[in-house]
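Content type mmCIF, C-alpha atoms, from the file upload-v8.cif:
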```cif
data_entry
#
loop_
_atom_site.group_PDB
_atom_site.id
_atom_site.type_symbol
_atom_site.label_atom_id
_atom_site.label_comp_id
_atom_site.auth_asym_id
_atom_site.auth_seq_id
_atom_site.Cartn_x
_atom_site.Cartn_y
_atom_site.Cartn_z
ATOM 1 C CA MET A 1 7.358 64.695 31.751
ATOM 2 C CA SER A 2 4.572 66.665 30.114
ATOM 3 C CA HIS A 3 1.545 65.032 28.585
ATOM 4 C CA THR A 4 2.475 66.444 25.149
ATOM 5 C CA PHE A 5 6.015 65.022 25.324
ATOM 6 C CA LYS A 6 4.646 61.595 26.232
ATOM 7 C CA LYS A 7 2.461 61.695 23.139
ATOM 8 C CA ILE A 8 5.429 62.643 20.963
ATOM 9 C CA LEU A 9 7.570 59.866 22.463
ATOM 10 C CA VAL A 10 4.913 57.203 21.834
ATOM 11 C CA ALA A 11 4.495 58.443 18.285
ATOM 12 C CA CYS A 12 8.263 58.165 17.648
ATOM 13 C CA ILE A 13 8.388 54.588 18.972
ATOM 14 C CA LEU A 14 5.500 53.556 16.724
ATOM 15 C CA PHE A 15 7.141 55.278 13.735
ATOM 16 C CA LEU A 16 10.439 53.458 14.292
ATOM 17 C CA SER A 17 8.781 50.071 14.737
ATOM 18 C CA VAL A 18 6.832 50.418 11.481
ATOM 19 C CA PHE A 19 9.788 51.512 9.360
ATOM 20 C CA SER A 20 12.154 48.906 10.848
ATOM 21 C CA GLY A 21 9.788 46.168 9.622
ATOM 22 C CA GLY A 22 8.158 45.737 13.020
ATOM 23 C CA PHE A 23 10.640 42.986 13.935
ATOM 24 C CA LEU A 24 10.815 44.148 17.584
ATOM 25 C CA VAL A 25 7.116 43.979 18.198
ATOM 26 C CA GLN A 26 5.772 41.447 15.662
ATOM 27 C CA PRO A 27 6.357 37.747 16.374
ATOM 28 C CA ALA A 28 7.139 35.466 13.416
ATOM 29 C CA GLN A 29 4.092 33.758 11.953
ATOM 30 C CA ALA A 30 3.968 29.989 12.525
ATOM 31 C CA GLU A 31 3.856 27.833 9.382
ATOM 32 C CA GLU A 32 0.511 26.218 8.691
ATOM 33 C CA THR A 33 -0.207 22.643 9.748
ATOM 34 C CA ILE A 34 -0.386 20.047 6.980
ATOM 35 C CA ASN A 35 -3.258 17.663 7.711
ATOM 36 C CA ILE A 36 -2.793 14.238 6.120
ATOM 37 C CA GLY A 37 -5.608 11.715 6.233
ATOM 38 C CA ILE A 38 -4.698 8.032 5.967
ATOM 39 C CA LEU A 39 -7.273 5.423 5.012
ATOM 40 C CA GLN A 40 -6.244 1.762 5.332
ATOM 41 C CA PHE A 41 -8.646 -0.839 3.963
ATOM 42 C CA ILE A 42 -7.867 -3.681 6.368
ATOM 43 C CA GLU A 43 -5.258 -4.607 8.935
ATOM 44 C CA HIS A 44 -2.511 -7.000 7.888
ATOM 45 C CA GLU A 45 1.275 -6.947 7.750
ATOM 46 C CA ALA A 46 1.825 -5.599 4.225
ATOM 47 C CA LEU A 47 -0.650 -2.732 4.573
ATOM 48 C CA ASP A 48 0.595 -1.926 8.086
ATOM 49 C CA ASP A 49 4.115 -1.674 6.656
ATOM 50 C CA ALA A 50 2.937 0.647 3.884
ATOM 51 C CA ARG A 51 1.374 2.909 6.523
ATOM 52 C CA GLU A 52 4.379 2.913 8.838
ATOM 53 C CA GLY A 53 6.900 3.533 6.056
ATOM 54 C CA PHE A 54 4.841 6.469 4.789
ATOM 55 C CA MET A 55 4.518 8.102 8.196
ATOM 56 C CA GLU A 56 8.153 7.543 9.168
ATOM 57 C CA GLU A 57 9.439 9.110 5.954
ATOM 58 C CA LEU A 58 7.257 12.201 6.321
ATOM 59 C CA GLU A 59 8.013 12.607 10.016
ATOM 60 C CA ALA A 60 11.730 12.595 9.187
ATOM 61 C CA SER A 61 11.326 15.204 6.439
ATOM 62 C CA GLU A 62 11.573 18.987 6.753
ATOM 63 C CA TYR A 63 7.757 19.019 6.960
ATOM 64 C CA GLY A 64 7.673 16.622 9.904
ATOM 65 C CA ASP A 65 6.975 19.212 12.594
ATOM 66 C CA ARG A 66 4.040 20.599 10.612
ATOM 67 C CA ILE A 67 2.286 17.344 9.760
ATOM 68 C CA LYS A 68 -0.731 16.057 11.646
ATOM 69 C CA PHE A 69 -1.873 12.539 10.730
ATOM 70 C CA ASP A 70 -5.482 11.334 10.839
ATOM 71 C CA VAL A 71 -5.284 7.528 10.596
ATOM 72 C CA GLN A 72 -8.397 5.436 9.959
ATOM 73 C CA ASN A 73 -8.861 1.716 9.261
ATOM 74 C CA ALA A 74 -12.019 0.392 7.602
ATOM 75 C CA SER A 75 -11.366 -3.182 8.840
ATOM 76 C CA GLY A 76 -12.449 -4.508 5.437
ATOM 77 C CA ASP A 77 -15.978 -3.139 5.830
ATOM 78 C CA ASN A 78 -17.337 -1.277 2.785
ATOM 79 C CA ALA A 79 -19.891 0.721 4.774
ATOM 80 C CA SER A 80 -17.130 1.984 7.068
ATOM 81 C CA LEU A 81 -14.977 2.660 4.027
ATOM 82 C CA GLN A 82 -17.490 5.140 2.647
ATOM 83 C CA SER A 83 -18.088 7.024 5.897
ATOM 84 C CA LEU A 84 -14.372 7.177 6.715
ATOM 85 C CA SER A 85 -13.596 8.380 3.182
ATOM 86 C CA GLU A 86 -16.045 11.259 3.604
ATOM 87 C CA LYS A 87 -14.619 12.197 7.005
ATOM 88 C CA LEU A 88 -10.997 12.132 5.875
ATOM 89 C CA ALA A 89 -11.709 14.080 2.702
ATOM 90 C CA ARG A 90 -13.560 16.727 4.683
ATOM 91 C CA ASP A 91 -10.980 17.163 7.434
ATOM 92 C CA ASN A 92 -7.617 16.911 5.658
ATOM 93 C CA ASP A 93 -5.448 18.605 3.025
ATOM 94 C CA ILE A 94 -3.697 15.529 1.597
ATOM 95 C CA LEU A 95 -5.032 11.966 1.511
ATOM 96 C CA TYR A 96 -3.204 8.621 1.528
ATOM 97 C CA ALA A 97 -5.048 5.448 0.531
ATOM 98 C CA ILE A 98 -3.626 2.029 1.400
ATOM 99 C CA ALA A 99 -4.999 -0.721 -0.895
ATOM 100 C CA THR A 100 -7.306 -0.449 -3.888
ATOM 101 C CA PRO A 101 -10.680 -0.326 -2.060
ATOM 102 C CA ALA A 102 -9.409 2.588 0.063
ATOM 103 C CA ALA A 103 -8.236 4.459 -3.039
ATOM 104 C CA ILE A 104 -11.562 3.860 -4.784
ATOM 105 C CA GLY A 105 -13.427 5.022 -1.675
ATOM 106 C CA LEU A 106 -11.499 8.293 -1.421
ATOM 107 C CA ALA A 107 -11.675 8.924 -5.176
ATOM 108 C CA ALA A 108 -15.467 8.595 -5.040
ATOM 109 C CA VAL A 109 -15.824 11.452 -2.553
ATOM 110 C CA GLU A 110 -12.915 13.777 -3.406
ATOM 111 C CA SER A 111 -11.996 15.060 -6.868
ATOM 112 C CA GLU A 112 -9.741 18.024 -6.025
ATOM 113 C CA LYS A 113 -7.499 17.376 -3.015
ATOM 114 C CA PRO A 114 -4.365 15.307 -3.755
ATOM 115 C CA ILE A 115 -4.795 11.593 -3.110
ATOM 116 C CA PHE A 116 -1.719 9.355 -2.967
ATOM 117 C CA PHE A 117 -2.004 5.585 -2.869
ATOM 118 C CA ALA A 118 0.072 2.497 -2.138
ATOM 119 C CA ALA A 119 -0.625 -1.264 -2.342
ATOM 120 C CA VAL A 120 -2.693 -0.705 -5.488
ATOM 121 C CA THR A 121 -1.758 -3.266 -8.116
ATOM 122 C CA ASP A 122 -3.354 -1.908 -11.299
ATOM 123 C CA PRO A 123 -4.605 1.679 -10.873
ATOM 124 C CA VAL A 124 -5.371 1.950 -14.599
ATOM 125 C CA ASP A 125 -7.595 -1.128 -14.682
ATOM 126 C CA VAL A 126 -9.689 0.131 -11.757
ATOM 127 C CA GLU A 127 -9.865 3.616 -13.351
ATOM 128 C CA LEU A 128 -8.080 5.481 -10.575
ATOM 129 C CA VAL A 129 -5.734 7.000 -13.167
ATOM 130 C CA GLU A 130 -5.840 7.415 -16.933
ATOM 131 C CA SER A 131 -2.333 6.006 -17.392
ATOM 132 C CA LEU A 132 0.710 5.258 -15.258
ATOM 133 C CA GLU A 133 2.699 7.983 -17.009
ATOM 134 C CA LYS A 134 0.006 10.686 -16.786
ATOM 135 C CA PRO A 135 -2.624 9.992 -14.128
ATOM 136 C CA GLY A 136 -4.790 12.873 -15.378
ATOM 137 C CA LYS A 137 -6.737 13.060 -12.112
ATOM 138 C CA ASN A 138 -6.075 14.026 -8.502
ATOM 139 C CA LEU A 139 -4.586 10.594 -7.721
ATOM 140 C CA THR A 140 -1.134 9.075 -8.020
ATOM 141 C CA GLY A 141 1.144 6.882 -5.935
ATOM 142 C CA THR A 142 2.931 3.552 -6.056
ATOM 143 C CA SER A 143 1.788 0.268 -7.581
ATOM 144 C CA ASP A 144 2.656 -3.032 -5.920
ATOM 145 C CA MET A 145 2.434 -4.873 -9.239
ATOM 146 C CA ALA A 146 4.180 -8.155 -8.488
ATOM 147 C CA PRO A 147 6.610 -9.777 -10.924
ATOM 148 C CA ILE A 148 4.036 -12.514 -11.656
ATOM 149 C CA LYS A 149 6.018 -14.272 -14.396
ATOM 150 C CA LYS A 150 9.136 -14.444 -12.219
ATOM 151 C CA GLN A 151 7.076 -15.759 -9.309
ATOM 152 C CA VAL A 152 5.529 -18.453 -11.527
ATOM 153 C CA ASP A 153 9.014 -19.374 -12.753
ATOM 154 C CA LEU A 154 10.138 -19.609 -9.120
ATOM 155 C CA LEU A 155 7.394 -22.129 -8.450
ATOM 156 C CA ILE A 156 8.072 -24.204 -11.578
ATOM 157 C CA LYS A 157 11.868 -24.340 -11.090
ATOM 158 C CA ASN A 158 11.682 -25.433 -7.473
ATOM 159 C CA PHE A 159 8.658 -27.747 -7.654
ATOM 160 C CA PRO A 160 8.869 -29.358 -11.104
ATOM 161 C CA GLU A 161 6.690 -32.260 -9.974
ATOM 162 C CA ALA A 162 3.710 -29.941 -9.364
ATOM 163 C CA LYS A 163 1.168 -30.234 -12.190
ATOM 164 C CA LYS A 164 -1.986 -28.800 -10.626
ATOM 165 C CA ILE A 165 -1.517 -25.345 -9.093
ATOM 166 C CA GLY A 166 -4.097 -23.914 -6.723
ATOM 167 C CA VAL A 167 -4.862 -20.242 -6.182
ATOM 168 C CA ILE A 168 -7.226 -18.780 -3.592
ATOM 169 C CA TYR A 169 -8.483 -15.206 -3.827
ATOM 170 C CA ASP A 170 -11.379 -12.865 -3.145
ATOM 171 C CA SER A 171 -13.609 -12.691 -6.227
ATOM 172 C CA GLY A 172 -14.534 -9.118 -5.311
ATOM 173 C CA GLU A 173 -10.963 -7.781 -5.405
ATOM 174 C CA MET A 174 -10.242 -6.478 -8.898
ATOM 175 C CA ASN A 175 -6.490 -6.491 -8.364
ATOM 176 C CA SER A 176 -6.587 -10.156 -7.430
ATOM 177 C CA ILE A 177 -8.611 -11.005 -10.529
ATOM 178 C CA ALA A 178 -6.030 -9.263 -12.736
ATOM 179 C CA ALA A 179 -3.122 -11.024 -10.992
ATOM 180 C CA VAL A 180 -4.784 -14.447 -11.280
ATOM 181 C CA LYS A 181 -5.488 -13.839 -14.967
ATOM 182 C CA GLU A 182 -1.822 -13.090 -15.618
ATOM 183 C CA ALA A 183 -0.656 -16.036 -13.512
ATOM 184 C CA LYS A 184 -3.004 -18.346 -15.406
ATOM 185 C CA THR A 185 -1.439 -17.292 -18.710
ATOM 186 C CA HIS A 186 2.076 -18.184 -17.540
ATOM 187 C CA ILE A 187 1.034 -21.364 -15.717
ATOM 188 C CA GLU A 188 -0.925 -22.773 -18.671
ATOM 189 C CA LYS A 189 1.839 -21.785 -21.086
ATOM 190 C CA ALA A 190 4.108 -24.061 -19.036
ATOM 191 C CA GLY A 191 1.656 -26.922 -19.569
ATOM 192 C CA LEU A 192 0.281 -26.851 -16.016
ATOM 193 C CA GLU A 193 -3.287 -26.533 -14.744
ATOM 194 C CA LEU A 194 -4.502 -23.671 -12.540
ATOM 195 C CA VAL A 195 -7.293 -24.574 -10.110
ATOM 196 C CA GLU A 196 -9.079 -21.488 -8.767
ATOM 197 C CA GLY A 197 -10.777 -21.198 -5.387
ATOM 198 C CA THR A 198 -12.693 -18.000 -4.722
ATOM 199 C CA VAL A 199 -14.061 -16.470 -1.530
ATOM 200 C CA THR A 200 -16.174 -13.433 -0.749
ATOM 201 C CA SER A 201 -15.061 -13.038 2.872
ATOM 202 C CA THR A 202 -12.756 -14.612 5.438
ATOM 203 C CA ASN A 203 -15.657 -16.872 6.463
ATOM 204 C CA ASP A 204 -15.278 -18.824 3.206
ATOM 205 C CA ILE A 205 -11.557 -19.480 3.447
ATOM 206 C CA GLN A 206 -11.448 -22.704 5.469
ATOM 207 C CA GLN A 207 -13.926 -24.546 3.262
ATOM 208 C CA THR A 208 -12.343 -23.307 0.019
ATOM 209 C CA MET A 209 -8.825 -24.174 1.198
ATOM 210 C CA ALA A 210 -9.941 -27.643 2.310
ATOM 211 C CA ALA A 211 -11.149 -28.391 -1.221
ATOM 212 C CA LEU A 212 -7.986 -27.004 -2.801
ATOM 213 C CA VAL A 213 -5.435 -28.785 -0.619
ATOM 214 C CA ALA A 214 -7.114 -32.107 -1.489
ATOM 215 C CA ASP A 215 -6.898 -31.384 -5.215
ATOM 216 C CA VAL A 216 -3.658 -29.506 -6.010
ATOM 217 C CA ASP A 217 0.083 -30.090 -5.789
ATOM 218 C CA ALA A 218 1.155 -26.524 -4.915
ATOM 219 C CA PHE A 219 -0.230 -23.028 -4.425
ATOM 220 C CA PHE A 220 0.453 -19.833 -6.310
ATOM 221 C CA MET A 221 -0.360 -16.912 -4.011
ATOM 222 C CA VAL A 222 -1.427 -13.494 -5.274
ATOM 223 C CA THR A 223 -1.525 -10.337 -3.186
ATOM 224 C CA ASP A 224 -5.111 -10.343 -1.878
ATOM 225 C CA ASN A 225 -6.293 -8.383 1.155
ATOM 226 C CA THR A 226 -8.824 -10.977 2.313
ATOM 227 C CA ILE A 227 -6.422 -13.909 2.021
ATOM 228 C CA ASP A 228 -3.453 -11.978 3.387
ATOM 229 C CA SER A 229 -5.418 -11.017 6.498
ATOM 230 C CA SER A 230 -5.982 -14.741 7.158
ATOM 231 C CA ILE A 231 -2.555 -16.067 6.182
ATOM 232 C CA ALA A 232 -2.212 -17.762 9.572
ATOM 233 C CA LEU A 233 -5.057 -20.124 8.592
ATOM 234 C CA VAL A 234 -4.203 -20.369 4.882
ATOM 235 C CA GLY A 235 -0.529 -21.077 5.506
ATOM 236 C CA ASP A 236 -1.191 -23.696 8.161
ATOM 237 C CA MET A 237 -3.646 -25.582 5.947
ATOM 238 C CA ALA A 238 -1.296 -25.635 2.956
ATOM 239 C CA ILE A 239 1.904 -26.481 4.844
ATOM 240 C CA ASP A 240 0.211 -29.120 7.034
ATOM 241 C CA ALA A 241 -0.952 -30.796 3.810
ATOM 242 C CA GLY A 242 2.601 -30.689 2.444
ATOM 243 C CA LYS A 243 1.710 -28.218 -0.307
ATOM 244 C CA PRO A 244 4.284 -25.483 -1.099
ATOM 245 C CA MET A 245 3.154 -21.864 -1.508
ATOM 246 C CA VAL A 246 4.900 -19.445 -3.871
ATOM 247 C CA GLY A 247 3.984 -15.786 -4.317
ATOM 248 C CA SER A 248 2.308 -12.942 -2.378
ATOM 249 C CA SER A 249 4.204 -10.215 -0.499
ATOM 250 C CA ALA A 250 7.234 -10.331 1.774
ATOM 251 C CA PRO A 251 5.357 -9.586 5.041
ATOM 252 C CA VAL A 252 2.773 -12.284 4.293
ATOM 253 C CA VAL A 253 5.425 -14.878 3.444
ATOM 254 C CA GLU A 254 7.406 -13.973 6.546
ATOM 255 C CA LYS A 255 4.333 -14.466 8.704
ATOM 256 C CA ASN A 256 3.154 -17.821 7.330
ATOM 257 C CA GLY A 257 3.948 -18.333 3.645
ATOM 258 C CA LEU A 258 6.826 -20.142 1.976
ATOM 259 C CA MET A 259 8.647 -18.065 -0.644
ATOM 260 C CA THR A 260 8.219 -15.176 -3.043
ATOM 261 C CA LEU A 261 9.929 -12.426 -4.981
ATOM 262 C CA SER A 262 8.761 -9.174 -3.421
ATOM 263 C CA ASN A 263 9.504 -5.563 -2.707
ATOM 264 C CA SER A 264 9.275 -4.283 0.882
ATOM 265 C CA TYR A 265 5.951 -2.602 1.712
ATOM 266 C CA VAL A 266 7.809 -0.304 4.081
ATOM 267 C CA GLU A 267 9.676 0.866 0.980
ATOM 268 C CA TYR A 268 6.408 1.315 -0.933
ATOM 269 C CA GLY A 269 5.224 3.576 1.889
ATOM 270 C CA LYS A 270 8.469 5.545 1.918
ATOM 271 C CA GLN A 271 8.469 5.824 -1.862
ATOM 272 C CA THR A 272 4.933 7.248 -1.768
ATOM 273 C CA ALA A 273 5.915 9.685 0.994
ATOM 274 C CA GLN A 274 8.783 10.923 -1.183
ATOM 275 C CA MET A 275 6.221 11.698 -3.867
ATOM 276 C CA VAL A 276 4.263 13.809 -1.359
ATOM 277 C CA ILE A 277 7.463 15.631 -0.398
ATOM 278 C CA ARG A 278 8.258 16.382 -4.058
ATOM 279 C CA MET A 279 4.748 17.736 -4.554
ATOM 280 C CA LEU A 280 5.169 20.068 -1.574
ATOM 281 C CA ASP A 281 8.723 21.109 -2.519
ATOM 282 C CA GLN A 282 8.019 21.799 -6.172
ATOM 283 C CA ASP A 283 4.307 22.675 -6.081
ATOM 284 C CA LEU A 284 3.578 19.855 -8.530
ATOM 285 C CA GLU A 285 0.194 18.862 -9.931
ATOM 286 C CA VAL A 286 -0.722 15.331 -8.852
ATOM 287 C CA SER A 287 -2.310 14.686 -12.250
ATOM 288 C CA GLU A 288 1.138 15.088 -13.842
ATOM 289 C CA MET A 289 3.069 12.891 -11.381
ATOM 290 C CA PRO A 290 3.600 9.393 -12.860
ATOM 291 C CA VAL A 291 2.584 6.348 -10.844
ATOM 292 C CA GLU A 292 5.758 4.616 -9.624
ATOM 293 C CA LEU A 293 6.528 0.891 -9.523
ATOM 294 C CA GLY A 294 8.602 -1.091 -7.046
ATOM 295 C CA GLU A 295 12.236 -1.536 -7.967
ATOM 296 C CA ASN A 296 14.028 -3.931 -5.627
ATOM 297 C CA PHE A 297 12.411 -7.370 -5.779
ATOM 298 C CA GLU A 298 14.207 -9.891 -3.595
ATOM 299 C CA LEU A 299 13.806 -13.580 -2.770
ATOM 300 C CA VAL A 300 12.020 -13.985 0.561
ATOM 301 C CA ILE A 301 11.857 -17.391 2.271
ATOM 302 C CA ASN A 302 10.037 -18.479 5.405
ATOM 303 C CA GLU A 303 12.677 -20.830 6.819
ATOM 304 C CA LYS A 304 10.347 -22.355 9.414
ATOM 305 C CA ASN A 305 7.867 -23.506 6.778
ATOM 306 C CA ALA A 306 10.678 -24.524 4.420
ATOM 307 C CA LYS A 307 11.944 -26.940 7.094
ATOM 308 C CA LYS A 308 8.431 -28.350 7.541
ATOM 309 C CA LEU A 309 8.455 -29.205 3.822
ATOM 310 C CA ASN A 310 12.022 -30.583 3.996
ATOM 311 C CA LEU A 311 13.061 -27.947 1.489
ATOM 312 C CA ASP A 312 16.801 -27.331 1.018
ATOM 313 C CA ILE A 313 17.013 -23.545 1.132
ATOM 314 C CA LYS A 314 20.504 -23.525 -0.402
ATOM 315 C CA ALA A 315 19.183 -25.381 -3.452
ATOM 316 C CA ILE A 316 16.416 -22.888 -4.262
ATOM 317 C CA GLN A 317 16.601 -21.578 -7.832
ATOM 318 C CA GLN A 318 15.501 -18.059 -8.766
#
```
Is it possible to express this structure as structure tokens?
Amino acid sequence: MSHTFKKILVACILFLSVFSGGFLVQPAQAEETINIGILQFIEHEALDDAREGFMEELEASEYGDRIKFDVQNASGDNASLQSLSEKLARDNDILYAIATPAAIGLAAVESEKPIFFAAVTDPVDVELVESLEKPGKNLTGTSDMAPIKKQVDLLIKNFPEAKKIGVIYDSGEMNSIAAVKEAKTHIEKAGLELVEGTVTSTNDIQQTMAALVADVDAFFMVTDNTIDSSIALVGDMAIDAGKPMVGSSAPVVEKNGLMTLSNSYVEYGKQTAQMVIRMLDQDLEVSEMPVELGENFELVINEKNAKKLNLDIKAIQQ
């Protein structure tokens, strides 16, 4: 074969490959990785469930093979919260905040990338969004706003002899303050007294609970990250003193509470993941995606603690 013919042959092959779209010689381009940073404020059952539900739903979606998770936990430490927020915002495309402090931390360092949140009770009150219907910023997600009035009614119907109701919460958690304020309205409207015990860290819980159990007839529990992370201690002190506990979230009650009306935090996580999927599918603006509320509140009872209080589960009124 002559040198000239070889040159002509090579030229023909190149010509055919170009005008046939290059499919024989050009490999398909891989789709880009979607980096999702997850910031959890503290470790306890409800927040763990919100994380696991979120990840499971996304892993099972059509984007599952492309997603890379970067999971960080601040362990309730505000200094860690800030540094982790900066790292996650820098390294990821989409951010997921679990609990209000985590959402506030990420919002403080990132104003453009989409931030989704879960386990945030009142995102309007803490200025994460302008309204539930139109967030107006780069944040949206799901609110774990509890049905406070129904939970108070649950307490009153099942423990009519209780006149002084105790509540323990972290005075630094804005969501807890809002929940206690609402609970107080309903409790006092029923002619009962609300006795508040506040803490600033888990170190204060034992002393505060000791004072409360000696003074109240029952406890109304709000969703509070500090208290929830120490529910083993809180629950034991209340139940050992014969004081019923109504409220908080399903995972907390199941671990060491008594009863509540609650939505599953796994479902909150999955619901938030579905919002991420819709954003990716439809190229939506986060600022226009309404904050979503829980839908399926169910009665949750810790049967072990109910037996300790000689409570007839079949007689419980909702």
Proximity of stretch 24-105 of chain A to stretch 213-227 of chain A: per-residue shortest pair, 9 Å limit, all atoms listed in the file, as a Markdown table:
```
| residue | atom | partner | partner_atom | distance |
| --- | --- | --- | --- | --- |
| A:Phe41 | CA | A:Asn225 | CA | 8.4 |
| A:Ile42 | CA | A:Asn225 | CA | 7.2 |
| A:Glu43 | CA | A:Asn225 | CA | 8.7 |
| A:His44 | CA | A:Asn225 | CA | 7.8 |
| A:Leu47 | CA | A:Asn225 | CA | 8.7 |
| A:Gly76 | CA | A:Thr226 | CA | 8.0 |
| A:Ala99 | CA | A:Asn225 | CA | 8.0 |
```
Got a sec: who's within 9 Å of stretch 241-250 of chain A, counting only C-alpha atoms, leaving out chain neighbours fewer than 6 positions off, as a CSV table (one decimal) with C-alpha atoms, in the coordinates of the input?
```
chain,number,residue,atom,x,y,z
A,46,ALA,CA,1.8,-5.6,4.2
A,146,ALA,CA,4.2,-8.2,-8.5
A,148,ILE,CA,4.0,-12.5,-11.7
A,151,GLN,CA,7.1,-15.8,-9.3
A,152,VAL,CA,5.5,-18.5,-11.5
A,154,LEU,CA,10.1,-19.6,-9.1
A,155,LEU,CA,7.4,-22.1,-8.4
A,159,PHE,CA,8.7,-27.7,-7.7
A,213,VAL,CA,-5.4,-28.8,-0.6
A,214,ALA,CA,-7.1,-32.1,-1.5
A,216,VAL,CA,-3.7,-29.5,-6.0
A,217,ASP,CA,0.1,-30.1,-5.8
A,218,ALA,CA,1.2,-26.5,-4.9
A,219,PHE,CA,-0.2,-23.0,-4.4
A,220,PHE,CA,0.5,-19.8,-6.3
A,221,MET,CA,-0.4,-16.9,-4.0
A,222,VAL,CA,-1.4,-13.5,-5.3
A,223,THR,CA,-1.5,-10.3,-3.2
A,224,ASP,CA,-5.1,-10.3,-1.9
A,228,ASP,CA,-3.5,-12.0,3.4
A,235,GLY,CA,-0.5,-21.1,5.5
A,257,GLY,CA,3.9,-18.3,3.6
A,258,LEU,CA,6.8,-20.1,2.0
A,259,MET,CA,8.6,-18.1,-0.6
A,260,THR,CA,8.2,-15.2,-3.0
A,261,LEU,CA,9.9,-12.4,-5.0
A,262,SER,CA,8.8,-9.2,-3.4
A,263,ASN,CA,9.5,-5.6,-2.7
A,264,SER,CA,9.3,-4.3,0.9
A,265,TYR,CA,6.0,-2.6,1.7
A,298,GLU,CA,14.2,-9.9,-3.6
A,299,LEU,CA,13.8,-13.6,-2.8
A,300,VAL,CA,12.0,-14.0,0.6
A,301,ILE,CA,11.9,-17.4,2.3
A,305,ASN,CA,7.9,-23.5,6.8
A,306,ALA,CA,10.7,-24.5,4.4
A,308,LYS,CA,8.4,-28.4,7.5
A,309,LEU,CA,8.5,-29.2,3.8
```
Problem set entry | Interatomic distance, atom CA of A:Thr100 to atom CA of A:Thr140 (Å, one decimal) | 12.1 Å
For this session: List, as a ChimeraX atom specification, every residue that the PyMOL selection byres ((chain A and resi 79-91) around 12) selects in the file provided.
Result: /A:34-42,68-78,92-115
Exercise. If the PyMOL selection byres ((chain A and resi 50-58) around 9) is run on the structure shown, which residues does it catch, given as an MDAnalysis selection string?
Worked result: chainID A and resid 38 40 45:49 59:64 67 69 96 98 118:119 264:274 276:277
Exercise. Nearest to A:Leu139 among A:Ser230, A:Ser176, A:Ser287, A:Ser201, with distances taken over only C-alpha atoms: which residue is it?
Worked result: A:Ser287
Exercise. Applied to the shown file, which residues does the PyMOL selection byres ((chain A and resi 166) around 6) return, written as a PyMOL selection string?
Worked result: chain A and resi 165+167+194-196+216+219
For this session: Give me, please, the distance in Å between atom CA of A:Glu193 and atom CA of A:Lys164, quoted to one decimal.
Result: 4.9 Å
Around all of stretch 164-180 of chain A's listed atoms, make the axis-aligned box with 6 Å on each side and tell me centre and edge lengths in Å to one decimal, as JSON.
```
{"center_x": -8.0, "center_y": -17.6, "center_z": -7.9, "size_x": 25.0, "size_y": 34.3, "size_z": 21.6}
```
For this session: Point out the residue among A:Asn296, A:Asp170, A:Glu182, A:Asn175 with the least atom-to-atom distance to A:Thr198, counting only C-alpha atoms.
Result: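 The closest residue to A:Thr198 is A:Asp170.
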For this session: Could you please determine the separation between atom CA of A:Lys307 and atom CA of A:Ala211 in Å, to one decimal place?
Result: 24.6 Å
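Of the residues under consideration (A:Asn302, A:Gly136, A:Leu284, A:Thr208), A:Asn302 shows the shortest atom-to-atom contact distance to A:Pro251 when counting only C-alpha atoms.
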For this session: Quick one: residues within 7 Å of (3.7, 6.2, -7.9) (file frame), counting only C-alpha atoms, please, as JSON, numbers by chain.
Result: {"A": [140, 141, 142, 143, 272, 290, 291, 292, 293]}
Reconstructed N, CA and C atoms for stretch 303-312 of chain A, given as an mmCIF file, keeping the file's coordinate frame:
```cif
data_model
loop_
_atom_site.group_PDB
_atom_site.id
_atom_site.type_symbol
_atom_site.label_atom_id
_atom_site.label_comp_id
_atom_site.auth_asym_id
_atom_site.auth_seq_id
_atom_site.Cartn_x
_atom_site.Cartn_y
_atom_site.Cartn_z
ATOM 1 N N GLU A 303 11.841 -19.668 6.525
ATOM 2 C CA GLU A 303 12.677 -20.830 6.819
ATOM 3 C C GLU A 303 11.952 -21.870 7.671
ATOM 4 N N LYS A 304 11.096 -21.411 8.559
ATOM 5 C CA LYS A 304 10.347 -22.355 9.414
ATOM 6 C C LYS A 304 9.476 -23.272 8.563
ATOM 7 N N ASN A 305 8.739 -22.699 7.635
ATOM 8 C CA ASN A 305 7.867 -23.506 6.778
ATOM 9 C C ASN A 305 8.663 -24.307 5.758
ATOM 10 N N ALA A 306 9.818 -23.776 5.340
ATOM 11 C CA ALA A 306 10.678 -24.524 4.420
ATOM 12 C C ALA A 306 11.154 -25.824 5.081
ATOM 13 N N LYS A 307 11.499 -25.756 6.359
ATOM 14 C CA LYS A 307 11.944 -26.940 7.094
ATOM 15 C C LYS A 307 10.811 -27.955 7.227
ATOM 16 N N LYS A 308 9.585 -27.447 7.426
ATOM 17 C CA LYS A 308 8.431 -28.350 7.541
ATOM 18 C C LYS A 308 8.224 -29.143 6.253
ATOM 19 N N LEU A 309 8.605 -28.540 5.117
ATOM 20 C CA LEU A 309 8.455 -29.205 3.822
ATOM 21 C C LEU A 309 9.735 -29.920 3.391
ATOM 22 N N ASN A 310 10.723 -29.949 4.295
ATOM 23 C CA ASN A 310 12.022 -30.583 3.996
ATOM 24 C C ASN A 310 12.675 -29.966 2.760
ATOM 25 N N LEU A 311 12.539 -28.666 2.638
ATOM 26 C CA LEU A 311 13.061 -27.947 1.489
ATOM 27 C C LEU A 311 14.482 -27.466 1.779
ATOM 28 N N ASP A 312 15.405 -27.780 0.882
ATOM 29 C CA ASP A 312 16.801 -27.331 1.018
ATOM 30 C C ASP A 312 16.889 -25.899 0.530
#
```
